[in-house]
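Novice: If it helps, the file is called my_file-v9.pdb and holds PDB, C-alpha atoms:
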```pdb
ATOM      1  CA  MET D   1       4.503  15.221  -7.239  1.00  0.00           C
ATOM      2  CA  SER D   2       6.559  12.047  -7.213  1.00  0.00           C
ATOM      3  CA  THR D   3       5.707   8.762  -8.804  1.00  0.00           C
ATOM      4  CA  LEU D   4       6.069   5.415  -7.115  1.00  0.00           C
ATOM      5  CA  THR D   5       8.426   2.805  -8.410  1.00  0.00           C
ATOM      6  CA  PRO D   6       6.977  -0.704  -8.741  1.00  0.00           C
ATOM      7  CA  HIS D   7       9.032  -1.801  -5.733  1.00  0.00           C
ATOM      8  CA  ASP D   8       7.577   1.026  -3.623  1.00  0.00           C
ATOM      9  CA  ALA D   9       4.035   0.176  -4.706  1.00  0.00           C
ATOM     10  CA  ASP D  10       4.553  -3.490  -3.855  1.00  0.00           C
ATOM     11  CA  THR D  11       6.047  -2.539  -0.483  1.00  0.00           C
ATOM     12  CA  GLN D  12       3.069  -0.310   0.301  1.00  0.00           C
ATOM     13  CA  PHE D  13       0.616  -3.080  -0.663  1.00  0.00           C
ATOM     14  CA  LEU D  14       2.356  -5.648   1.528  1.00  0.00           C
ATOM     15  CA  THR D  15       2.694  -3.190   4.408  1.00  0.00           C
ATOM     16  CA  ARG D  16      -1.047  -2.387   4.298  1.00  0.00           C
ATOM     17  CA  GLN D  17      -1.854  -6.098   4.295  1.00  0.00           C
ATOM     18  CA  ALA D  18       0.423  -6.687   7.275  1.00  0.00           C
ATOM     19  CA  MET D  19      -1.180  -3.779   9.141  1.00  0.00           C
ATOM     20  CA  TYR D  20      -4.651  -5.205   8.592  1.00  0.00           C
ATOM     21  CA  THR D  21      -3.533  -8.667   9.683  1.00  0.00           C
ATOM     22  CA  GLY D  22      -1.841  -7.223  12.782  1.00  0.00           C
ATOM     23  CA  TYR D  23      -5.058  -5.395  13.656  1.00  0.00           C
ATOM     24  CA  GLN D  24      -7.083  -8.597  13.304  1.00  0.00           C
ATOM     25  CA  TYR D  25      -4.833 -10.767  15.462  1.00  0.00           C
ATOM     26  CA  PHE D  26      -4.249  -8.168  18.163  1.00  0.00           C
ATOM     27  CA  SER D  27      -8.007  -7.569  18.280  1.00  0.00           C
ATOM     28  CA  ILE D  28      -8.367 -11.239  19.215  1.00  0.00           C
ATOM     29  CA  LEU D  29      -5.511 -11.297  21.727  1.00  0.00           C
ATOM     30  CA  THR D  30      -6.075  -8.011  23.556  1.00  0.00           C
ATOM     31  CA  PRO D  31      -9.431  -8.800  25.241  1.00  0.00           C
ATOM     32  CA  VAL D  32      -8.030 -12.088  26.526  1.00  0.00           C
ATOM     33  CA  ILE D  33      -4.868 -10.449  27.854  1.00  0.00           C
ATOM     34  CA  TYR D  34      -6.884  -7.602  29.395  1.00  0.00           C
ATOM     35  CA  THR D  35      -9.223 -10.032  31.161  1.00  0.00           C
ATOM     36  CA  VAL D  36      -6.338 -12.085  32.548  1.00  0.00           C
ATOM     37  CA  LEU D  37      -4.534  -8.977  33.803  1.00  0.00           C
ATOM     38  CA  VAL D  38      -7.674  -7.573  35.438  1.00  0.00           C
ATOM     39  CA  ARG D  39      -8.446 -10.881  37.114  1.00  0.00           C
ATOM     40  CA  ARG D  40      -4.934 -11.012  38.587  1.00  0.00           C
ATOM     41  CA  GLY D  41      -4.997  -7.384  39.752  1.00  0.00           C
ATOM     42  CA  ARG D  42      -7.178  -5.419  42.109  1.00  0.00           C
ATOM     43  CA  THR D  43      -9.064  -3.278  39.613  1.00  0.00           C
ATOM     44  CA  PRO D  44     -12.612  -4.342  38.770  1.00  0.00           C
ATOM     45  CA  PHE D  45     -13.542  -5.389  35.246  1.00  0.00           C
ATOM     46  CA  SER D  46     -15.038  -2.556  33.198  1.00  0.00           C
ATOM     47  CA  ILE D  47     -16.725  -2.775  29.801  1.00  0.00           C
ATOM     48  CA  ASN D  48     -15.416   0.693  28.943  1.00  0.00           C
ATOM     49  CA  ASN D  49     -11.826  -0.266  29.770  1.00  0.00           C
ATOM     50  CA  ALA D  50     -12.123  -3.601  27.958  1.00  0.00           C
ATOM     51  CA  LEU D  51     -13.388  -1.943  24.778  1.00  0.00           C
ATOM     52  CA  ARG D  52     -10.723   0.766  25.019  1.00  0.00           C
ATOM     53  CA  ALA D  53      -8.007  -1.848  25.476  1.00  0.00           C
ATOM     54  CA  THR D  54      -9.351  -3.822  22.518  1.00  0.00           C
ATOM     55  CA  TRP D  55      -9.249  -1.019  19.990  1.00  0.00           C
ATOM     56  CA  MET D  56      -5.966   0.331  21.313  1.00  0.00           C
ATOM     57  CA  GLY D  57      -4.489  -3.163  21.148  1.00  0.00           C
ATOM     58  CA  GLY D  58      -5.648  -3.458  17.549  1.00  0.00           C
ATOM     59  CA  LEU D  59      -4.073  -0.099  16.789  1.00  0.00           C
ATOM     60  CA  ALA D  60      -0.802  -1.182  18.403  1.00  0.00           C
ATOM     61  CA  GLY D  61      -0.879  -4.454  16.452  1.00  0.00           C
ATOM     62  CA  SER D  62      -1.473  -2.595  13.222  1.00  0.00           C
ATOM     63  CA  ALA D  63       1.388  -0.184  13.855  1.00  0.00           C
ATOM     64  CA  SER D  64       3.861  -2.854  14.908  1.00  0.00           C
ATOM     65  CA  ALA D  65       3.005  -5.232  12.054  1.00  0.00           C
ATOM     66  CA  GLY D  66       3.164  -2.382   9.548  1.00  0.00           C
ATOM     67  CA  GLY D  67       6.522  -1.202  10.816  1.00  0.00           C
ATOM     68  CA  LEU D  68       7.992  -4.684  10.709  1.00  0.00           C
ATOM     69  CA  ALA D  69       6.579  -5.354   7.235  1.00  0.00           C
ATOM     70  CA  TYR D  70       7.939  -2.084   5.886  1.00  0.00           C
ATOM     71  CA  ALA D  71      11.370  -2.775   7.369  1.00  0.00           C
ATOM     72  CA  ARG D  72      11.305  -6.222   5.811  1.00  0.00           C
ATOM     73  CA  TYR D  73      10.055  -5.395   2.308  1.00  0.00           C
ATOM     74  CA  ALA D  74      11.713  -2.015   1.775  1.00  0.00           C
ATOM     75  CA  TYR D  75      15.126  -3.650   1.882  1.00  0.00           C
ATOM     76  CA  THR D  76      14.268  -6.843   0.009  1.00  0.00           C
ATOM     77  CA  SER D  77      14.955  -7.322  -3.687  1.00  0.00           C
ATOM     78  CA  GLU D  78      12.351  -6.077  -6.137  1.00  0.00           C
ATOM     79  CA  ALA D  79      11.768  -9.542  -7.629  1.00  0.00           C
ATOM     80  CA  THR D  80      11.137 -11.107  -4.227  1.00  0.00           C
ATOM     81  CA  VAL D  81       8.702  -8.372  -3.198  1.00  0.00           C
ATOM     82  CA  ARG D  82       6.854  -8.612  -6.533  1.00  0.00           C
ATOM     83  CA  GLN D  83       6.546 -12.386  -6.157  1.00  0.00           C
ATOM     84  CA  LYS D  84       5.197 -12.016  -2.611  1.00  0.00           C
ATOM     85  CA  ARG D  85       2.646  -9.418  -3.736  1.00  0.00           C
ATOM     86  CA  ILE D  86       1.393 -11.620  -6.558  1.00  0.00           C
ATOM     87  CA  HIS D  87       1.182 -14.578  -4.191  1.00  0.00           C
ATOM     88  CA  ASN D  88      -0.839 -12.526  -1.682  1.00  0.00           C
ATOM     89  CA  ALA D  89      -3.103 -11.111  -4.381  1.00  0.00           C
ATOM     90  CA  TYR D  90      -4.131 -14.646  -5.419  1.00  0.00           C
ATOM     91  CA  ASN D  91      -4.290 -16.095  -1.886  1.00  0.00           C
ATOM     92  CA  THR D  92      -8.015 -16.793  -1.549  1.00  0.00           C
ATOM     93  CA  SER D  93      -7.710 -17.836   2.087  1.00  0.00           C
ATOM     94  CA  ARG D  94      -6.270 -14.461   3.021  1.00  0.00           C
ATOM     95  CA  LEU D  95      -8.906 -12.660   0.961  1.00  0.00           C
ATOM     96  CA  ARG D  96     -11.695 -14.568   2.694  1.00  0.00           C
ATOM     97  CA  ALA D  97     -10.176 -13.866   6.120  1.00  0.00           C
ATOM     98  CA  ASP D  98     -10.036 -10.155   5.289  1.00  0.00           C
ATOM     99  CA  ASP D  99     -13.636 -10.216   4.035  1.00  0.00           C
ATOM    100  CA  HIS D 100     -14.882 -11.960   7.174  1.00  0.00           C
ATOM    101  CA  ALA D 101     -12.956  -9.537   9.379  1.00  0.00           C
ATOM    102  CA  THR D 102     -14.331  -6.513   7.520  1.00  0.00           C
ATOM    103  CA  ILE D 103     -17.902  -7.785   7.784  1.00  0.00           C
ATOM    104  CA  GLY D 104     -17.355  -8.514  11.470  1.00  0.00           C
ATOM    105  CA  ALA D 105     -15.902  -5.042  12.057  1.00  0.00           C
ATOM    106  CA  VAL D 106     -18.895  -3.341  10.457  1.00  0.00           C
ATOM    107  CA  LEU D 107     -21.370  -5.475  12.395  1.00  0.00           C
ATOM    108  CA  GLY D 108     -19.426  -5.040  15.632  1.00  0.00           C
ATOM    109  CA  SER D 109     -19.242  -1.274  15.282  1.00  0.00           C
ATOM    110  CA  VAL D 110     -23.027  -1.133  14.851  1.00  0.00           C
ATOM    111  CA  LEU D 111     -24.182  -3.835  17.275  1.00  0.00           C
ATOM    112  CA  THR D 112     -21.889  -3.096  20.219  1.00  0.00           C
ATOM    113  CA  PRO D 113     -23.226   0.449  20.761  1.00  0.00           C
ATOM    114  CA  ALA D 114     -26.772  -0.837  20.314  1.00  0.00           C
ATOM    115  CA  ILE D 115     -26.310  -3.474  23.018  1.00  0.00           C
ATOM    116  CA  LEU D 116     -24.020  -1.679  25.482  1.00  0.00           C
ATOM    117  CA  TRP D 117     -25.098   1.954  25.015  1.00  0.00           C
ATOM    118  CA  LYS D 118     -25.000   3.093  28.667  1.00  0.00           C
ATOM    119  CA  ARG D 119     -21.998   0.997  29.694  1.00  0.00           C
ATOM    120  CA  ALA D 120     -19.155   2.800  27.881  1.00  0.00           C
ATOM    121  CA  GLY D 121     -18.220   5.920  25.976  1.00  0.00           C
ATOM    122  CA  VAL D 122     -19.404   6.209  22.387  1.00  0.00           C
ATOM    123  CA  ILE D 123     -15.891   6.213  20.901  1.00  0.00           C
ATOM    124  CA  HIS D 124     -14.930   3.087  22.833  1.00  0.00           C
ATOM    125  CA  LEU D 125     -18.201   1.396  21.875  1.00  0.00           C
ATOM    126  CA  VAL D 126     -17.758   2.007  18.155  1.00  0.00           C
ATOM    127  CA  LEU D 127     -14.001   1.414  17.873  1.00  0.00           C
ATOM    128  CA  GLY D 128     -13.931  -1.413  20.423  1.00  0.00           C
ATOM    129  CA  GLY D 129     -16.938  -3.032  18.749  1.00  0.00           C
ATOM    130  CA  ALA D 130     -15.194  -2.831  15.392  1.00  0.00           C
ATOM    131  CA  ALA D 131     -12.081  -4.432  16.858  1.00  0.00           C
ATOM    132  CA  LEU D 132     -14.077  -7.206  18.514  1.00  0.00           C
ATOM    133  CA  GLY D 133     -16.044  -7.783  15.306  1.00  0.00           C
ATOM    134  CA  SER D 134     -12.875  -7.939  13.271  1.00  0.00           C
ATOM    135  CA  GLY D 135     -11.452 -10.564  15.601  1.00  0.00           C
ATOM    136  CA  VAL D 136     -14.670 -12.576  15.574  1.00  0.00           C
ATOM    137  CA  GLY D 137     -14.745 -12.425  11.765  1.00  0.00           C
ATOM    138  CA  LEU D 138     -11.199 -13.757  11.613  1.00  0.00           C
ATOM    139  CA  LEU D 139     -12.131 -16.543  14.025  1.00  0.00           C
ATOM    140  CA  ALA D 140     -15.153 -17.364  11.842  1.00  0.00           C
ATOM    141  CA  HIS D 141     -12.852 -17.734   8.837  1.00  0.00           C
ATOM    142  CA  HIS D 142     -10.514 -20.059  10.738  1.00  0.00           C
ATOM    143  CA  CYS D 143     -13.447 -22.119  12.086  1.00  0.00           C
ATOM    144  CA  ARG D 144     -14.862 -22.509   8.578  1.00  0.00           C
ATOM    145  CA  THR D 145     -11.463 -23.648   7.328  1.00  0.00           C
ATOM    146  CA  LEU D 146     -11.093 -26.143  10.187  1.00  0.00           C
ATOM    147  CA  MET D 147     -14.583 -27.513   9.541  1.00  0.00           C
ATOM    148  CA  GLY D 148     -13.603 -28.375   5.970  1.00  0.00           C
ATOM    149  CA  ASP D 149     -14.948 -25.339   4.114  1.00  0.00           C
ATOM    150  CA  ALA D 150     -11.592 -24.168   2.805  1.00  0.00           C
ATOM    151  CA  PRO D 151     -11.623 -21.537   0.050  1.00  0.00           C
ATOM    152  CA  PRO D 152     -10.693 -22.794  -3.403  1.00  0.00           C
ATOM    153  CA  LYS D 153      -7.131 -22.353  -4.581  1.00  0.00           C
ATOM    154  CA  ALA D 154      -6.671 -19.718  -7.270  1.00  0.00           C
ATOM    155  CA  GLN D 155      -4.232 -20.388 -10.055  1.00  0.00           C
ATOM    156  CA  ILE D 156      -1.657 -17.681 -10.618  1.00  0.00           C
ATOM    157  CA  PRO D 157      -1.576 -16.912 -14.341  1.00  0.00           C
ATOM    158  CA  PRO D 158       1.728 -17.808 -15.989  1.00  0.00           C
ATOM    159  CA  GLY D 159       3.969 -14.890 -16.820  1.00  0.00           C
ATOM    160  CA  LEU D 160       3.234 -12.880 -13.656  1.00  0.00           C
TER     161      LEU D 160
END
```
Show me, as structure tokens, the structure contained in the file I just sent.
Specialist:
Amino acid sequence: MSTLTPHDADTQFLTRQAMYTGYQYFSILTPVIYTVLVRRGRTPFSINNALRATWMGGLAGSASAGGLAYARYAYTSEATVRQKRIHNAYNTSRLRADDHATIGAVLGSVLTPAILWKRAGVIHLVLGGAALGSGVGLLAHHCRTLMGDAPPKAQIPPGL
């Protein structure tokens, strides 16, 4: 059993955050890209294919963002990575975006199968609904921020 160094723990934290952010943004982009590509091609639009593309796009976004974040933070100095982790831990805007996306993912994974039960496979309904909900939750956070309901700034305690 090996123990993690502080630098490794900080790198893992930042990599997980990047993976979650990549999932959120690709869950917003993938349905739009899928719709544009289907409209330009000859294949008809399918709810099953759209939901499958959405959750697979979120998975691809999570993997690519995680890989890039790991490559970036694993070879950065320990002080820089620690400072970035502390900054992210006290970033209330990011925390609220993650909370909204999580709530949206849970609601999407429950409501999408309830609404579209006969239109797609169960796996695509649940995972695609979660991806769509995550994207909608992130959009809700950004809309709230644009409308003037920005989260309060947290003060980082001195000495961290």
Novice: Could you check the closest approach to D:Met56 for each of D:Ala131, D:Val38, D:Cys143, D:Val106 and tell me which residue wins, using all atoms listed in the file?
Specialist: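 Using all atoms listed in the file, D:Met56 sits closest to D:Ala131.
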Novice: Neighbours of D:Gly58 within 6 Å (all atoms listed in the file; same-chain residues fewer than 2 positions away dropped), as JSON, numbers by chain?
Specialist: {"D": [23, 26, 27, 55, 56, 60, 61]}
Novice: Using the file's own x, y and z axes, what box holds all listed atoms of stretch 128-146 of chain D with 5 Å on each side, keeping edges along x, y and z, and what are its centre and edge lengths in Å to one decimal, as AutoDock Vina command-line options?
Specialist:
```
--center_x -13.7 --center_y -13.8 --center_z 13.9 --size_x 16.4 --size_y 34.7 --size_z 23.1
```
Novice: Find, counting all atoms listed in the file, the residue in D:Thr102, D:Thr112, D:Ser2, D:Thr11 that gets nearest to D:Ala140.
Specialist: D:Thr102
Novice: Skip D:Leu116 itself and residues of its chain fewer than 6 positions away, then list as a list in words all residues within 12 Å of it, counting all atoms listed in the file.
Specialist: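 That gives Ser46, Ile47, Asn48, Leu51, Gly108, Ser109, Val110, Val122, His124, Leu125, Val126, Gly128 and Gly129 of chain D.
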Novice: Smallest atom-to-atom distance to D:Ile156: which of D:Lys118, D:Ile86, D:Gly135, D:Ala101, using only C-alpha atoms?
Specialist: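 For D:Ile156, the nearest of the candidates is D:Ile86.
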Novice: Give me, please, the distance in Å between atom CA of D:Leu107 and atom CA of D:His141, quoted to one decimal.
Specialist: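 Going from atom CA of D:Leu107 over to atom CA of D:His141, I get 15.3 Å.
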Novice: Could you add the missing atoms to stretch 136-158 of chain D, up to N, CA, C and O atoms, and return them as a short mmCIF file (atom, residue, chain, number, x, y, z; two decimals), in the coordinates of the input?
Specialist:
```cif
data_model
loop_
_atom_site.label_atom_id
_atom_site.label_comp_id
_atom_site.auth_asym_id
_atom_site.auth_seq_id
_atom_site.Cartn_x
_atom_site.Cartn_y
_atom_site.Cartn_z
N VAL D 136 -13.68 -11.50 15.71
CA VAL D 136 -14.67 -12.58 15.57
C VAL D 136 -14.79 -13.02 14.12
O VAL D 136 -14.92 -14.21 13.83
N GLY D 137 -14.72 -12.07 13.18
CA GLY D 137 -14.74 -12.42 11.76
C GLY D 137 -13.55 -13.28 11.37
O GLY D 137 -13.69 -14.25 10.61
N LEU D 138 -12.38 -12.95 11.89
CA LEU D 138 -11.20 -13.76 11.61
C LEU D 138 -11.34 -15.15 12.21
O LEU D 138 -10.99 -16.15 11.57
N LEU D 139 -11.88 -15.22 13.42
CA LEU D 139 -12.13 -16.54 14.02
C LEU D 139 -13.15 -17.34 13.22
O LEU D 139 -13.02 -18.57 13.09
N ALA D 140 -14.17 -16.68 12.68
CA ALA D 140 -15.15 -17.36 11.84
C ALA D 140 -14.49 -17.95 10.60
O ALA D 140 -14.80 -19.09 10.20
N HIS D 141 -13.58 -17.21 10.01
CA HIS D 141 -12.85 -17.73 8.84
C HIS D 141 -12.06 -18.98 9.21
O HIS D 141 -12.11 -20.00 8.51
N HIS D 142 -11.33 -18.91 10.34
CA HIS D 142 -10.51 -20.06 10.74
C HIS D 142 -11.39 -21.25 11.12
O HIS D 142 -11.03 -22.40 10.83
N CYS D 143 -12.53 -21.02 11.75
CA CYS D 143 -13.45 -22.12 12.09
C CYS D 143 -14.00 -22.76 10.82
O CYS D 143 -14.10 -23.99 10.74
N ARG D 144 -14.37 -21.95 9.84
CA ARG D 144 -14.86 -22.51 8.58
C ARG D 144 -13.79 -23.36 7.90
O ARG D 144 -14.08 -24.42 7.36
N THR D 145 -12.56 -22.89 7.94
CA THR D 145 -11.46 -23.65 7.33
C THR D 145 -11.23 -24.96 8.07
O THR D 145 -11.05 -26.02 7.43
N LEU D 146 -11.27 -24.92 9.40
CA LEU D 146 -11.09 -26.14 10.19
C LEU D 146 -12.23 -27.13 10.00
O LEU D 146 -12.03 -28.34 10.09
N MET D 147 -13.42 -26.64 9.73
CA MET D 147 -14.58 -27.51 9.54
C MET D 147 -14.64 -28.11 8.13
O MET D 147 -15.55 -28.85 7.82
N GLY D 148 -13.67 -27.76 7.29
CA GLY D 148 -13.60 -28.38 5.97
C GLY D 148 -14.09 -27.48 4.85
O GLY D 148 -14.15 -27.91 3.70
N ASP D 149 -14.47 -26.26 5.14
CA ASP D 149 -14.95 -25.34 4.11
C ASP D 149 -13.82 -24.39 3.72
O ASP D 149 -13.91 -23.18 3.90
N ALA D 150 -12.75 -24.97 3.21
CA ALA D 150 -11.59 -24.17 2.80
C ALA D 150 -11.90 -23.46 1.49
O ALA D 150 -12.60 -24.00 0.63
N PRO D 151 -11.39 -22.23 1.32
CA PRO D 151 -11.62 -21.54 0.05
C PRO D 151 -10.86 -22.23 -1.07
O PRO D 151 -9.82 -22.84 -0.85
N PRO D 152 -11.39 -22.14 -2.29
CA PRO D 152 -10.69 -22.79 -3.40
C PRO D 152 -9.37 -22.12 -3.70
O PRO D 152 -9.19 -20.93 -3.44
N LYS D 153 -8.45 -22.89 -4.22
CA LYS D 153 -7.13 -22.35 -4.58
C LYS D 153 -7.24 -21.65 -5.92
O LYS D 153 -7.80 -22.18 -6.87
N ALA D 154 -6.70 -20.46 -6.01
CA ALA D 154 -6.67 -19.72 -7.27
C ALA D 154 -5.35 -19.99 -7.97
O ALA D 154 -4.30 -20.06 -7.34
N GLN D 155 -5.43 -20.16 -9.26
CA GLN D 155 -4.23 -20.39 -10.06
C GLN D 155 -3.63 -19.05 -10.46
O GLN D 155 -4.32 -18.19 -10.99
N ILE D 156 -2.34 -18.89 -10.20
CA ILE D 156 -1.66 -17.68 -10.62
C ILE D 156 -1.36 -17.80 -12.10
O ILE D 156 -0.77 -18.79 -12.55
N PRO D 157 -1.81 -16.83 -12.89
CA PRO D 157 -1.58 -16.91 -14.34
C PRO D 157 -0.09 -16.95 -14.66
O PRO D 157 0.71 -16.26 -14.00
N PRO D 158 0.30 -17.76 -15.64
CA PRO D 158 1.73 -17.81 -15.99
C PRO D 158 2.17 -16.46 -16.56
O PRO D 158 1.42 -15.74 -17.19
#
```
